[in-house]
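Data from model-v1.cif: mmCIF, C-alpha atoms
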data_run
loop_
_atom_site.label_atom_id
_atom_site.label_comp_id
_atom_site.auth_asym_id
_atom_site.auth_seq_id
_atom_site.Cartn_x
_atom_site.Cartn_y
_atom_site.Cartn_z
CA MET H 4 -7.23 -20.60 -18.45
CA ASN H 5 -8.61 -24.13 -18.00
CA ILE H 6 -11.75 -22.94 -16.22
CA PRO H 7 -14.57 -25.50 -16.63
CA GLU H 8 -17.73 -24.49 -18.45
CA THR H 9 -20.77 -24.06 -16.22
CA LYS H 10 -24.45 -23.18 -16.39
CA LEU H 11 -23.95 -20.83 -13.45
CA PRO H 12 -23.28 -17.14 -14.12
CA ARG H 13 -19.53 -16.51 -14.21
CA VAL H 14 -18.15 -13.55 -12.26
CA VAL H 15 -14.55 -12.60 -13.03
CA ILE H 16 -12.75 -10.45 -10.46
CA ILE H 17 -9.56 -8.68 -11.52
CA GLY H 18 -7.40 -7.95 -8.48
CA GLY H 19 -6.77 -9.63 -5.13
CA GLY H 20 -6.51 -6.50 -3.00
CA PHE H 21 -8.86 -5.47 -0.20
CA ALA H 22 -11.80 -4.89 -2.55
CA GLY H 23 -11.28 -8.08 -4.58
CA ILE H 24 -10.99 -10.49 -1.66
CA SER H 25 -13.81 -8.80 0.28
CA LEU H 26 -16.05 -9.52 -2.72
CA ALA H 27 -14.66 -12.98 -3.52
CA GLN H 28 -15.05 -14.34 0.01
CA LYS H 29 -18.80 -13.62 -0.10
CA LEU H 30 -19.47 -14.50 -3.75
CA LEU H 31 -18.09 -17.99 -3.16
CA LYS H 32 -21.14 -18.69 -0.99
CA LEU H 33 -23.55 -17.83 -3.82
CA PRO H 34 -24.64 -20.00 -6.79
CA LEU H 35 -22.04 -18.45 -9.08
CA GLN H 36 -18.77 -19.45 -10.68
CA THR H 37 -16.23 -17.01 -9.24
CA VAL H 38 -12.83 -16.55 -10.90
CA LEU H 39 -10.23 -14.40 -9.17
CA LEU H 40 -7.33 -13.11 -11.29
CA ASP H 41 -4.18 -11.46 -9.98
CA ARG H 42 -0.58 -11.19 -11.17
CA HIS H 43 0.57 -12.33 -7.71
CA ASN H 44 -0.60 -15.45 -5.89
CA TYR H 45 -1.02 -13.57 -2.62
CA HIS H 46 -2.92 -10.70 -1.05
CA THR H 47 -0.78 -7.94 0.47
CA PHE H 48 -1.82 -6.11 3.63
CA GLN H 49 -0.47 -2.80 2.36
CA PRO H 50 -0.88 -0.76 5.58
CA LEU H 51 2.01 -2.74 7.08
CA LEU H 52 4.34 -2.70 4.06
CA TYR H 53 6.41 0.01 5.74
CA GLN H 54 7.23 -2.43 8.57
CA VAL H 55 8.63 -4.88 6.03
CA SER H 56 10.75 -2.13 4.50
CA THR H 57 12.18 -1.15 7.91
CA SER H 58 12.96 -4.67 9.18
CA GLY H 59 10.04 -4.89 11.61
CA LEU H 60 8.23 -7.75 9.86
CA GLU H 61 9.00 -10.44 7.32
CA PRO H 62 6.83 -10.30 4.16
CA ASP H 63 5.00 -13.55 4.89
CA SER H 64 3.53 -11.86 7.99
CA ILE H 65 1.46 -9.51 5.82
CA ALA H 66 0.83 -11.70 2.76
CA TYR H 67 -1.92 -14.30 2.38
CA PRO H 68 -2.21 -16.97 -0.37
CA LEU H 69 -5.15 -16.20 -2.64
CA ARG H 70 -5.74 -19.90 -3.31
CA LYS H 71 -6.63 -20.36 0.38
CA ILE H 72 -9.65 -18.14 -0.30
CA THR H 73 -10.98 -20.17 -3.25
CA ARG H 74 -9.84 -23.70 -2.42
CA LEU H 75 -12.74 -24.68 -0.14
CA HIS H 76 -15.45 -23.82 -2.70
CA SER H 77 -16.18 -25.92 -5.77
CA GLY H 78 -17.29 -22.88 -7.74
CA GLY H 79 -14.23 -20.80 -6.93
CA TYR H 80 -11.06 -20.55 -9.04
CA PHE H 81 -7.85 -18.54 -8.84
CA ARG H 82 -5.51 -17.92 -11.75
CA MET H 83 -2.20 -16.09 -11.52
CA GLY H 84 -1.79 -13.88 -14.54
CA GLU H 85 -1.72 -10.28 -15.66
CA VAL H 86 -4.83 -8.94 -17.36
CA THR H 87 -3.87 -7.05 -20.52
CA GLY H 88 -7.25 -5.89 -21.81
CA ILE H 89 -11.03 -6.13 -21.80
CA ASP H 90 -13.30 -6.77 -24.79
CA ALA H 91 -16.57 -5.45 -23.40
CA GLU H 92 -18.57 -6.16 -26.56
CA SER H 93 -17.71 -9.87 -26.48
CA ASN H 94 -17.48 -10.12 -22.67
CA ILE H 95 -13.92 -11.41 -22.78
CA VAL H 96 -10.94 -10.70 -20.52
CA HIS H 97 -7.51 -10.94 -22.18
CA SER H 98 -4.44 -11.88 -20.14
CA ASP H 99 -0.91 -13.20 -20.53
CA ILE H 100 -2.18 -16.70 -19.65
CA GLY H 101 -5.14 -16.73 -22.03
CA ASP H 102 -8.64 -15.34 -22.53
CA LEU H 103 -11.76 -15.88 -20.43
CA ASN H 104 -15.45 -15.20 -21.06
CA TYR H 105 -17.50 -13.60 -18.31
CA ASP H 106 -21.12 -12.84 -17.50
CA TYR H 107 -20.14 -10.20 -14.97
CA LEU H 108 -16.79 -8.47 -14.60
CA VAL H 109 -15.52 -6.73 -11.48
CA ILE H 110 -12.43 -4.54 -11.78
CA ALA H 111 -10.59 -4.23 -8.47
CA THR H 112 -7.10 -3.40 -9.71
CA GLY H 113 -6.48 -0.77 -7.05
CA SER H 114 -3.93 2.00 -7.43
CA LYS H 115 -0.33 2.56 -8.42
CA THR H 116 2.31 5.13 -7.47
CA ASN H 117 1.72 8.57 -8.97
CA PHE H 118 4.87 10.45 -10.07
CA PHE H 119 2.89 13.34 -11.60
CA GLY H 120 4.86 12.98 -14.83
CA ASN H 121 8.28 13.47 -13.20
CA LYS H 122 10.52 10.97 -15.02
CA SER H 123 13.66 11.62 -12.95
CA ILE H 124 11.81 10.64 -9.78
CA GLU H 125 10.12 7.65 -11.40
CA GLU H 126 13.45 6.31 -12.67
CA ASN H 127 15.60 6.94 -9.58
CA ALA H 128 13.42 7.04 -6.46
CA MET H 129 12.40 4.08 -4.32
CA TRP H 130 8.66 3.47 -4.04
CA MET H 131 6.55 1.10 -1.98
CA LYS H 132 3.33 -0.43 -3.28
CA THR H 133 4.28 -4.13 -3.34
CA VAL H 134 6.16 -6.63 -1.19
CA PRO H 135 9.16 -6.77 -3.60
CA GLN H 136 9.41 -2.97 -3.49
CA ALA H 137 9.31 -3.00 0.32
CA LEU H 138 12.10 -5.61 0.34
CA ASN H 139 14.10 -3.42 -2.06
CA ILE H 140 13.86 -0.53 0.40
CA ARG H 141 14.89 -2.80 3.28
CA SER H 142 17.90 -4.06 1.37
CA LEU H 143 18.92 -0.56 0.26
CA ILE H 144 18.72 0.87 3.79
CA LEU H 145 20.84 -1.94 5.23
CA GLU H 146 23.29 -1.92 2.29
CA ASN H 147 23.83 1.82 2.68
CA LEU H 148 24.50 1.40 6.40
CA GLU H 149 27.04 -1.34 5.62
CA GLN H 150 28.69 0.81 2.97
CA ALA H 151 28.77 3.89 5.22
CA VAL H 152 30.81 1.95 7.78
CA ILE H 153 33.62 1.23 5.32
CA THR H 154 33.69 4.36 3.13
CA GLU H 155 36.50 6.84 3.71
CA ASP H 156 34.91 9.68 1.72
CA PRO H 157 33.04 11.95 4.21
CA GLU H 158 30.71 13.36 1.52
CA LYS H 159 29.81 9.87 0.35
CA ARG H 160 29.25 8.77 3.95
CA ARG H 161 26.88 11.68 4.58
CA ALA H 162 24.89 10.84 1.44
CA LEU H 163 24.66 7.18 2.47
CA LEU H 164 23.35 8.16 5.90
CA ASN H 165 20.91 10.76 4.58
CA PHE H 166 17.38 9.36 4.20
CA VAL H 167 14.88 11.53 2.35
CA LEU H 168 11.15 10.85 2.00
CA ALA H 169 8.73 12.84 -0.15
CA GLY H 170 5.10 12.97 0.96
CA ALA H 171 3.91 13.30 4.57
CA GLY H 172 0.69 11.36 4.23
CA PRO H 173 0.16 8.22 6.37
CA THR H 174 2.76 6.21 4.42
CA GLY H 175 5.45 8.90 4.62
CA VAL H 176 4.81 9.60 8.30
CA GLU H 177 4.81 5.92 9.30
CA LEU H 178 7.86 5.12 7.20
CA SER H 179 9.94 8.06 8.43
CA GLY H 180 8.99 7.24 12.04
CA ALA H 181 10.01 3.61 11.53
CA ILE H 182 13.37 4.60 10.00
CA ALA H 183 13.94 6.93 12.96
CA GLU H 184 13.28 4.07 15.37
CA LEU H 185 15.69 1.90 13.39
CA ARG H 186 18.31 4.61 13.84
CA ASN H 187 17.57 5.13 17.53
CA GLN H 188 17.24 1.49 18.59
CA VAL H 189 19.18 -0.74 16.20
CA VAL H 190 21.99 1.31 14.64
CA PRO H 191 23.77 2.06 17.98
CA LYS H 192 23.94 -1.69 18.68
CA ASP H 193 24.68 -3.05 15.19
CA TYR H 194 26.75 -0.13 13.86
CA PRO H 195 28.81 1.35 16.72
CA ASP H 196 30.95 3.05 14.04
CA ILE H 197 28.01 5.31 13.16
CA ALA H 198 27.11 8.17 15.49
CA ALA H 199 23.37 8.66 15.98
CA ASP H 200 23.40 12.23 14.69
CA GLU H 201 25.15 11.16 11.47
CA MET H 202 22.03 9.37 10.25
CA GLN H 203 19.63 12.10 9.11
CA ILE H 204 15.96 11.60 8.18
CA HIS H 205 14.19 14.30 6.14
CA LEU H 206 10.45 14.30 5.47
CA LEU H 207 9.29 16.65 2.69
CA GLU H 208 5.67 17.75 2.26
CA GLY H 209 4.23 20.09 -0.37
CA LEU H 210 1.39 21.31 1.87
CA ASP H 211 1.57 23.23 5.13
CA ARG H 212 1.17 20.28 7.53
CA VAL H 213 1.86 16.56 7.85
CA LEU H 214 -1.04 14.11 7.45
CA PRO H 215 -3.17 16.52 5.35
CA PRO H 216 -6.10 14.03 5.07
CA MET H 217 -6.49 13.86 8.86
CA SER H 218 -7.56 16.42 11.45
CA VAL H 219 -5.45 19.41 12.44
CA LYS H 220 -5.00 17.90 15.90
CA ALA H 221 -3.72 14.63 14.41
CA SER H 222 -1.31 16.61 12.23
CA GLU H 223 -0.01 18.57 15.20
CA ASN H 224 0.47 15.42 17.28
CA ALA H 225 2.18 13.56 14.42
CA HIS H 226 4.47 16.56 13.80
CA LYS H 227 5.44 16.61 17.48
CA PHE H 228 6.03 12.83 17.60
CA LEU H 229 8.24 12.92 14.51
CA GLU H 230 10.34 15.74 15.89
CA GLU H 231 10.73 13.83 19.16
CA LEU H 232 12.11 10.93 17.12
CA GLY H 233 14.57 13.27 15.39
CA VAL H 234 12.93 13.54 11.96
CA HIS H 235 13.56 16.82 10.09
CA ILE H 236 10.25 18.03 8.62
CA HIS H 237 10.18 20.40 5.63
CA LEU H 238 6.69 21.77 4.87
CA ASN H 239 5.63 23.66 1.72
CA THR H 240 8.49 21.83 0.00
CA MET H 241 8.01 19.91 -3.24
CA VAL H 242 10.60 17.73 -4.93
CA GLU H 243 11.45 18.85 -8.45
CA SER H 244 14.01 16.21 -9.39
CA TYR H 245 16.23 13.38 -8.17
CA ASP H 246 19.13 12.04 -10.23
CA GLY H 247 20.00 9.16 -7.91
CA HIS H 248 22.25 11.31 -5.73
CA LEU H 249 20.79 14.81 -5.29
CA VAL H 250 17.25 15.81 -4.28
CA LYS H 251 16.27 19.23 -5.63
CA THR H 252 13.18 21.05 -4.36
CA ASN H 253 11.16 24.16 -5.17
CA THR H 254 13.00 25.97 -2.35
CA ASP H 255 16.70 26.49 -1.65
CA LEU H 256 16.80 23.06 0.00
CA GLU H 257 19.00 20.47 -1.73
CA LEU H 258 19.82 17.15 -0.12
CA ARG H 259 22.48 14.64 -1.15
CA SER H 260 21.09 11.20 -0.51
CA GLU H 261 21.54 7.63 -1.67
CA THR H 262 18.10 6.73 -0.28
CA PHE H 263 15.19 8.76 -1.61
CA ILE H 264 11.72 7.28 -1.05
CA TRP H 265 8.68 8.59 -2.93
CA SER H 266 5.36 8.36 -1.07
CA ALA H 267 3.70 11.50 -2.39
CA GLY H 268 0.63 10.09 -4.08
CA VAL H 269 -1.23 7.33 -5.92
CA THR H 270 -3.38 7.10 -9.01
CA GLY H 271 -5.73 4.46 -10.38
CA ALA H 272 -4.45 1.36 -12.19
CA PRO H 273 -7.02 0.83 -14.99
CA VAL H 274 -7.18 -1.95 -17.58
CA ALA H 275 -7.21 -1.13 -21.29
CA GLY H 276 -10.35 -1.69 -23.33
CA LEU H 277 -13.26 0.28 -21.90
CA ASN H 278 -14.68 3.40 -23.48
CA ALA H 279 -12.98 6.69 -22.67
CA SER H 280 -16.27 7.94 -21.19
CA ALA H 281 -15.92 5.35 -18.44
CA MET H 282 -12.72 6.97 -17.18
CA ILE H 283 -12.15 10.12 -15.21
CA GLU H 284 -8.84 10.82 -16.88
CA LYS H 285 -7.31 13.14 -14.30
CA ALA H 286 -7.86 10.60 -11.52
CA ASN H 287 -7.16 7.59 -13.77
CA ARG H 288 -10.17 5.87 -12.18
CA TYR H 289 -13.43 4.41 -13.49
CA GLN H 290 -16.56 6.46 -13.00
CA VAL H 291 -19.19 4.31 -11.28
CA ASN H 292 -22.78 4.83 -10.19
CA GLU H 293 -24.20 4.17 -6.73
CA PHE H 294 -24.25 0.42 -7.49
CA ASN H 295 -20.55 0.40 -8.53
CA GLN H 296 -21.48 -0.17 -12.18
CA VAL H 297 -18.95 1.37 -14.55
CA HIS H 298 -20.40 4.25 -16.56
CA GLY H 299 -21.83 2.89 -19.83
CA TYR H 300 -21.82 -0.79 -18.81
CA GLU H 301 -24.46 -2.86 -16.99
CA ASN H 302 -22.41 -5.99 -16.35
CA ILE H 303 -19.05 -4.38 -15.52
CA PHE H 304 -18.38 -3.12 -12.02
CA ALA H 305 -15.44 -1.39 -10.37
CA ILE H 306 -14.70 -1.28 -6.63
CA GLY H 307 -11.99 0.05 -4.37
CA ASP H 308 -9.28 2.53 -5.35
CA ILE H 309 -9.92 2.13 -9.08
CA ALA H 310 -13.54 3.30 -8.72
CA ILE H 311 -14.67 6.87 -8.21
CA MET H 312 -18.24 7.21 -6.96
CA GLN H 313 -19.08 10.90 -6.82
CA SER H 314 -21.72 12.15 -4.42
CA GLU H 315 -22.65 15.27 -2.47
CA ASP H 316 -20.61 14.06 0.51
CA TYR H 317 -17.73 12.79 -1.65
CA PRO H 318 -17.55 14.95 -4.79
CA ARG H 319 -14.05 13.60 -5.56
CA GLY H 320 -14.93 10.01 -4.70
CA HIS H 321 -14.19 8.03 -1.57
CA PRO H 322 -10.71 8.10 -0.04
CA MET H 323 -8.28 5.63 -1.59
CA VAL H 324 -7.81 3.55 1.57
CA ALA H 325 -8.78 0.07 2.72
CA GLN H 326 -12.18 0.74 4.32
CA PRO H 327 -14.08 1.97 1.23
CA ALA H 328 -12.62 -0.95 -0.74
CA ILE H 329 -13.68 -3.53 1.87
CA GLN H 330 -17.15 -2.02 2.23
CA GLN H 331 -17.72 -1.78 -1.53
CA GLY H 332 -16.66 -5.40 -2.01
CA SER H 333 -19.01 -6.59 0.71
CA HIS H 334 -21.89 -4.45 -0.55
CA LEU H 335 -21.46 -5.57 -4.17
CA ALA H 336 -21.64 -9.21 -3.04
CA LYS H 337 -25.05 -8.46 -1.50
CA ASN H 338 -26.14 -6.82 -4.74
CA PHE H 339 -25.10 -9.92 -6.69
CA SER H 340 -27.33 -11.92 -4.36
CA ARG H 341 -30.15 -9.52 -5.17
CA LEU H 342 -29.42 -9.87 -8.91
CA LEU H 343 -29.76 -13.64 -8.69
CA LYS H 344 -33.12 -13.24 -6.96
CA GLY H 345 -34.34 -10.65 -9.46
CA GLU H 346 -34.48 -7.97 -6.77
CA GLN H 347 -33.65 -4.28 -7.05
CA LEU H 348 -30.02 -3.30 -6.40
CA LYS H 349 -29.31 -1.13 -3.36
CA ALA H 350 -27.10 1.95 -3.46
CA PHE H 351 -23.75 1.89 -1.67
CA GLU H 352 -23.39 4.04 1.43
CA TYR H 353 -19.93 4.53 2.90
CA PHE H 354 -19.56 4.39 6.67
CA ASP H 355 -16.44 6.30 7.67
CA LYS H 356 -14.86 4.35 10.53
CA GLY H 357 -12.11 6.93 10.97
CA SER H 358 -8.45 7.16 10.04
CA MET H 359 -5.21 6.52 11.85
CA ALA H 360 -1.44 6.54 11.52
CA THR H 361 1.37 5.34 13.75
CA VAL H 362 4.57 7.30 14.24
CA GLY H 363 6.46 4.72 16.25
CA ARG H 364 6.61 3.07 19.63
CA ASN H 365 3.73 4.34 21.84
CA ARG H 366 3.03 7.08 19.30
CA ALA H 367 0.03 7.16 16.98
CA VAL H 368 -2.85 9.41 15.97
CA VAL H 369 -6.47 8.36 15.51
CA ASP H 370 -9.48 10.27 14.19
CA ILE H 371 -12.85 8.59 14.85
CA GLY H 372 -15.71 10.98 14.23
CA LYS H 373 -15.51 13.78 16.79
CA PHE H 374 -12.95 11.86 18.86
CA LYS H 375 -9.25 12.61 18.30
CA PHE H 376 -6.62 10.52 20.08
CA GLY H 377 -2.87 10.77 20.22
CA GLY H 378 -0.10 8.90 22.03
CA PHE H 379 -0.16 5.47 23.67
CA PHE H 380 -3.94 4.94 23.63
CA ALA H 381 -4.07 5.78 19.92
CA TRP H 382 -1.13 3.45 19.31
CA TYR H 383 -2.99 0.64 21.11
CA ILE H 384 -6.10 1.23 18.97
CA TRP H 385 -3.97 1.28 15.81
CA MET H 386 -2.29 -2.03 16.76
CA PHE H 387 -5.58 -3.77 17.59
CA ILE H 388 -7.31 -2.63 14.36
CA HIS H 389 -4.40 -3.71 12.14
CA LEU H 390 -4.19 -7.12 13.79
CA TRP H 391 -7.95 -7.55 13.40
CA PHE H 392 -7.93 -6.85 9.67
CA LEU H 393 -4.95 -9.08 8.86
CA ILE H 394 -6.16 -12.14 6.98
CA GLY H 395 -5.41 -15.49 8.59
CA PHE H 396 -4.71 -16.58 12.17
CA ARG H 397 -1.05 -17.29 11.42
CA ASN H 398 -0.47 -13.76 10.11
CA ARG H 399 -2.08 -12.25 13.20
CA PHE H 400 -0.08 -14.47 15.55
CA VAL H 401 3.28 -13.93 13.83
CA THR H 402 2.74 -10.16 13.56
CA PHE H 403 1.69 -9.88 17.21
CA PHE H 404 4.70 -11.95 18.32
CA ASN H 405 7.05 -9.73 16.32
CA TRP H 406 5.52 -6.58 17.78
CA VAL H 407 5.85 -7.91 21.33
CA TYR H 408 9.45 -8.95 20.66
CA ASN H 409 10.28 -5.54 19.18
CA TYR H 410 8.57 -3.75 22.05
CA ILE H 411 10.37 -5.66 24.81
CA ASN H 412 13.81 -5.78 23.19
CA TYR H 413 13.83 -2.46 21.31
CA ASP H 414 14.86 -4.54 18.32
CA LYS H 415 13.86 -5.28 14.71
CA ALA H 416 14.55 -8.91 14.01
CA ALA H 417 14.06 -8.94 10.22
CA ARG H 418 17.15 -6.89 9.27
CA LEU H 419 18.41 -9.32 6.65
CA ILE H 420 19.77 -8.52 3.19
CA ILE H 421 18.28 -11.56 1.48
CA ARG H 422 18.28 -10.06 -2.00
CA PRO H 423 20.83 -7.23 -2.41
CA PHE H 424 19.06 -4.37 -4.15
CA LYS H 425 22.14 -2.64 -5.56
CA GLY H 426 23.52 -5.82 -7.10
CA PHE H 427 20.10 -6.64 -8.56
CA LYS H 428 19.80 -3.14 -10.02
CA ILE H 429 23.27 -3.28 -11.60
CA ALA H 430 22.50 -6.70 -13.12
CA MET H 431 19.24 -5.38 -14.60
CA GLU H 432 20.99 -2.35 -16.07
CA ASN H 433 23.69 -4.59 -17.62
CA ASN H 434 21.04 -6.86 -19.13
CA GLN H 435 19.27 -3.85 -20.64
CA LYS H 436 22.53 -2.63 -22.18
CA LYS H 437 23.24 -6.07 -23.70
CA SER H 438 19.73 -6.28 -25.17
#

Kindly present the structure from the file in structure tokens form.
Amino acid sequence: MNIPETKLPRVVIIGGGFAGISLAQKLLKLPLQTVLLDRHNYHTFQPLLYQVSTSGLEPDSIAYPLRKITRLHSGGYFRMGEVTGIDAESNIVHSDIGDLNYDYLVIATGSKTNFFGNKSIEENAMWMKTVPQALNIRSLILENLEQAVITEDPEKRRALLNFVLAGAGPTGVELSGAIAELRNQVVPKDYPDIAADEMQIHLLEGLDRVLPPMSVKASENAHKFLEELGVHIHLNTMVESYDGHLVKTNTDLELRSETFIWSAGVTGAPVAGLNASAMIEKANRYQVNEFNQVHGYENIFAIGDIAIMQSEDYPRGHPMVAQPAIQQGSHLAKNFSRLLKGEQLKAFEYFDKGSMATVGRNRAVVDIGKFKFGGFFAWYIWMFIHLWFLIGFRNRFVTFFNWVYNYINYDKAARLIIRPFKGFKIAMENNQKKS
């Protein structure tokens, strides 16, 4: 990987998500050689991916170059590559760009979409964990609107204008609300050929309320906000299959749709090579102690979504959201400082700062301890917090400008089909057939 040899301890971090960059930013100030590896050269602010997929923001508003984190420190290095395995006995990381020795290894690979073994959904549904996937959804939504305008087949038109989302967690709620706002604010202006009631949005949830991780009050408020926006909510409804055209559920409900988005769950994204005892197989996450050390290893750590730290308060581990990842990264950096000084490591303690979700313009829900907010005030809190945690002044400025523009003009300025999804998909399928 062309990393210079050094007498300083080398810390290799796999993953440039919230956990990885929270750790890297602080390790770079210590007498260590810090190497950050990621298959992309940018960090993605995942909480705002849904705004990219619904034309509210361009991707560069929520992405930040990882080299800007390491470039100002002589002991910091970034390499773009995909890690393929770990040799824990020899302290070597294997990747598609070469191998690298380490003194300490930190796995911060995050999570990936969980399809619960359903191949028909995995192969045909849209999913949103990365910027390219969000752009695929944006292109598909806009392409289907364009196609609906010109099709003469009423059944085909209905399927093109039927948007179905599975999973009413924060991602599903925010995405369905954003699609509803696109229908209510943009479609009447850009597509006068499409009547507002033709474009249907269905949100399916297997449990008995939306936003199951949040409070009952937040769920009730979010349910009300979604209905006000015209979203059809189907509770106690699980998707059984999707063939690219028809969504089948565990009830009598069947929906013909050319846009089916899966947001029903995530699972860990581990790296091959560690002992099976280090993994909690059902969760697909590494078992770590209170210092974030992976079970069975002293010099290998895991932080963020990929780590599961079980305790009395969190028997199933911490929630797979940004705050635990950021806090674990920051805390582990302090423990590395203690390691260098020969001091005792301190146990990680999670401080729950609350949870929130936005449902659209002036509509959001916030749970902070005993305080539960809904409506405009909650939306204001949500907007401020998300701007605060965006990395880089430019990203904050551009995002804020876009939000102000959208708010004043009831518009979404990023509705461009830069890379047609359907054409790309057809080309990929043709290439697979030829090979």

| field | For Val15 (chain H), the nearest of the candidates H:Leu51, H:Asp90, H:Leu33, H:Tyr105, counting all atoms listed in the file | value | H:Tyr105

| Shortest interatomic distance to Leu108 (chain H) - which of H:Ser358, H:Thr402, H:Ser56, H:Asn295, counting all atoms listed in the file |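 Of H:Ser358, H:Thr402, H:Ser56, H:Asn295, the one nearest Leu108 (chain H), counting all atoms listed in the file, is H:Asn295.
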
What lies within 12 Å of Ser218 (chain H) using only C-alpha atoms, ignoring chain neighbours under 3 positions off, as a CSV table (one decimal) with C-alpha atoms, keeping the file's coordinate frame?
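Okay, this is what ended up in part_31.csv:
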chain,number,residue,atom,x,y,z
H,212,ARG,CA,1.2,20.3,7.5
H,213,VAL,CA,1.9,16.6,7.8
H,214,LEU,CA,-1.0,14.1,7.4
H,215,PRO,CA,-3.2,16.5,5.4
H,221,ALA,CA,-3.7,14.6,14.4
H,222,SER,CA,-1.3,16.6,12.2
H,223,GLU,CA,0.0,18.6,15.2
H,224,ASN,CA,0.5,15.4,17.3
H,225,ALA,CA,2.2,13.6,14.4
H,357,GLY,CA,-12.1,6.9,11.0
H,358,SER,CA,-8.4,7.2,10.0
H,359,MET,CA,-5.2,6.5,11.8
H,360,ALA,CA,-1.4,6.5,11.5
H,368,VAL,CA,-2.8,9.4,16.0
H,369,VAL,CA,-6.5,8.4,15.5
H,370,ASP,CA,-9.5,10.3,14.2
H,371,ILE,CA,-12.8,8.6,14.8
H,372,GLY,CA,-15.7,11.0,14.2
H,373,LYS,CA,-15.5,13.8,16.8
H,374,PHE,CA,-13.0,11.9,18.9
H,375,LYS,CA,-9.2,12.6,18.3
H,376,PHE,CA,-6.6,10.5,20.1
H,377,GLY,CA,-2.9,10.8,20.2

| Between H:Ser77, H:Ser244, H:Thr254, H:Gln150, which one has atoms that come closest to Lys122 (chain H), using all atoms listed in the file? |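 When distances to Lys122 (chain H) are compared using all atoms listed in the file, the smallest one comes from H:Ser244.
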
| request: Evaluate the PyMOL selection byres ((chain H and resi 269-276) around 10) and record the selected residues as a ChimeraX atom specification, following the chain and residue labels used in the document. | output: /H:17,86-92,96-97,110-119,132,266-268,277-279,282-289,305,307-311,323

Any chance you could resolve the PyMOL selection byres ((chain H and resi 137-148) around 6) against this file and give the residues as a compact mmCIF listing (two decimals) with C-alpha atoms, keeping the file's coordinate frame?
# COMPACT_ATOMS: atom_id res chain seq x y z
CA SER H 56 10.75 -2.13 4.50
CA THR H 57 12.18 -1.15 7.91
CA MET H 131 6.55 1.10 -1.98
CA VAL H 134 6.16 -6.63 -1.19
CA PRO H 135 9.16 -6.77 -3.60
CA GLN H 136 9.41 -2.97 -3.49
CA GLU H 149 27.04 -1.34 5.62
CA GLN H 150 28.69 0.81 2.97
CA ALA H 151 28.77 3.89 5.22
CA LEU H 163 24.66 7.18 2.47
CA ILE H 420 19.77 -8.52 3.19
CA PRO H 423 20.83 -7.23 -2.41
CA PHE H 424 19.06 -4.37 -4.15

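Residues selected in this file by the PyMOL selection byres ((chain H and resi 339) around 10) comprise Val14, Leu26, Lys29, Leu30, Leu33, Leu35, Tyr107, His334, Leu335, Ala336, Lys337, Asn338, Ser340, Arg341, Leu342, Leu343, Lys344, Gly345, Glu346 and Leu348 of chain H.
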
| message | If we count all atoms listed in the file and set the cut-off at 9 Å, which residues sit around Ser314 (chain H), ignoring sequence neighbours fewer than 5 positions away in its own chain? Please answer as a VMD selection string. | response | chain H and resid 293 319 to 320

| task | In Å, rounded to a single decimal, give me how far CA of Ala22 (chain H) is from CA of Arg70 (chain H). | result | 16.2 Å

| request: Calculate how many Å separate CA of Ala171 (chain H) from CA of Val291 (chain H), rounding to one decimal. | output: 29.4 Å

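Closest to Gln28 (chain H) among H:Asn44, H:Gln347, H:Asn292, H:Ser333 is H:Ser333, based on only C-alpha atoms.
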
Within 8 Å of region 123-128 of chain H, which residues of region 258-319 of chain H come that close, and what is the closest atom pair and distance in Å for each? Count all atoms listed in the file and give it as CSV.
residue,atom,partner,partner_atom,distance
H:Thr262,CA,H:Ala128,CA,7.8
H:Phe263,CA,H:Ala128,CA,5.4
H:Ile264,CA,H:Ala128,CA,5.7
H:Trp265,CA,H:Ala128,CA,6.1

| message | Counting all atoms listed in the file, which residue out of H:Phe294, H:Tyr53, H:Tyr194, H:Phe396 sits closest to Gly175 (chain H)? | response | H:Tyr53

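The gap separating CA of Gly79 (chain H) from CA of Gly19 (chain H) is 13.6 Å, in Å to one decimal.
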
| query | Between H:Leu206, H:Leu52, H:Leu168, H:Leu39, which is the closest to His237 (chain H) once you count all atoms listed in the file? | reply |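 Looking at the shortest contact to His237 (chain H), the residue is H:Leu206.
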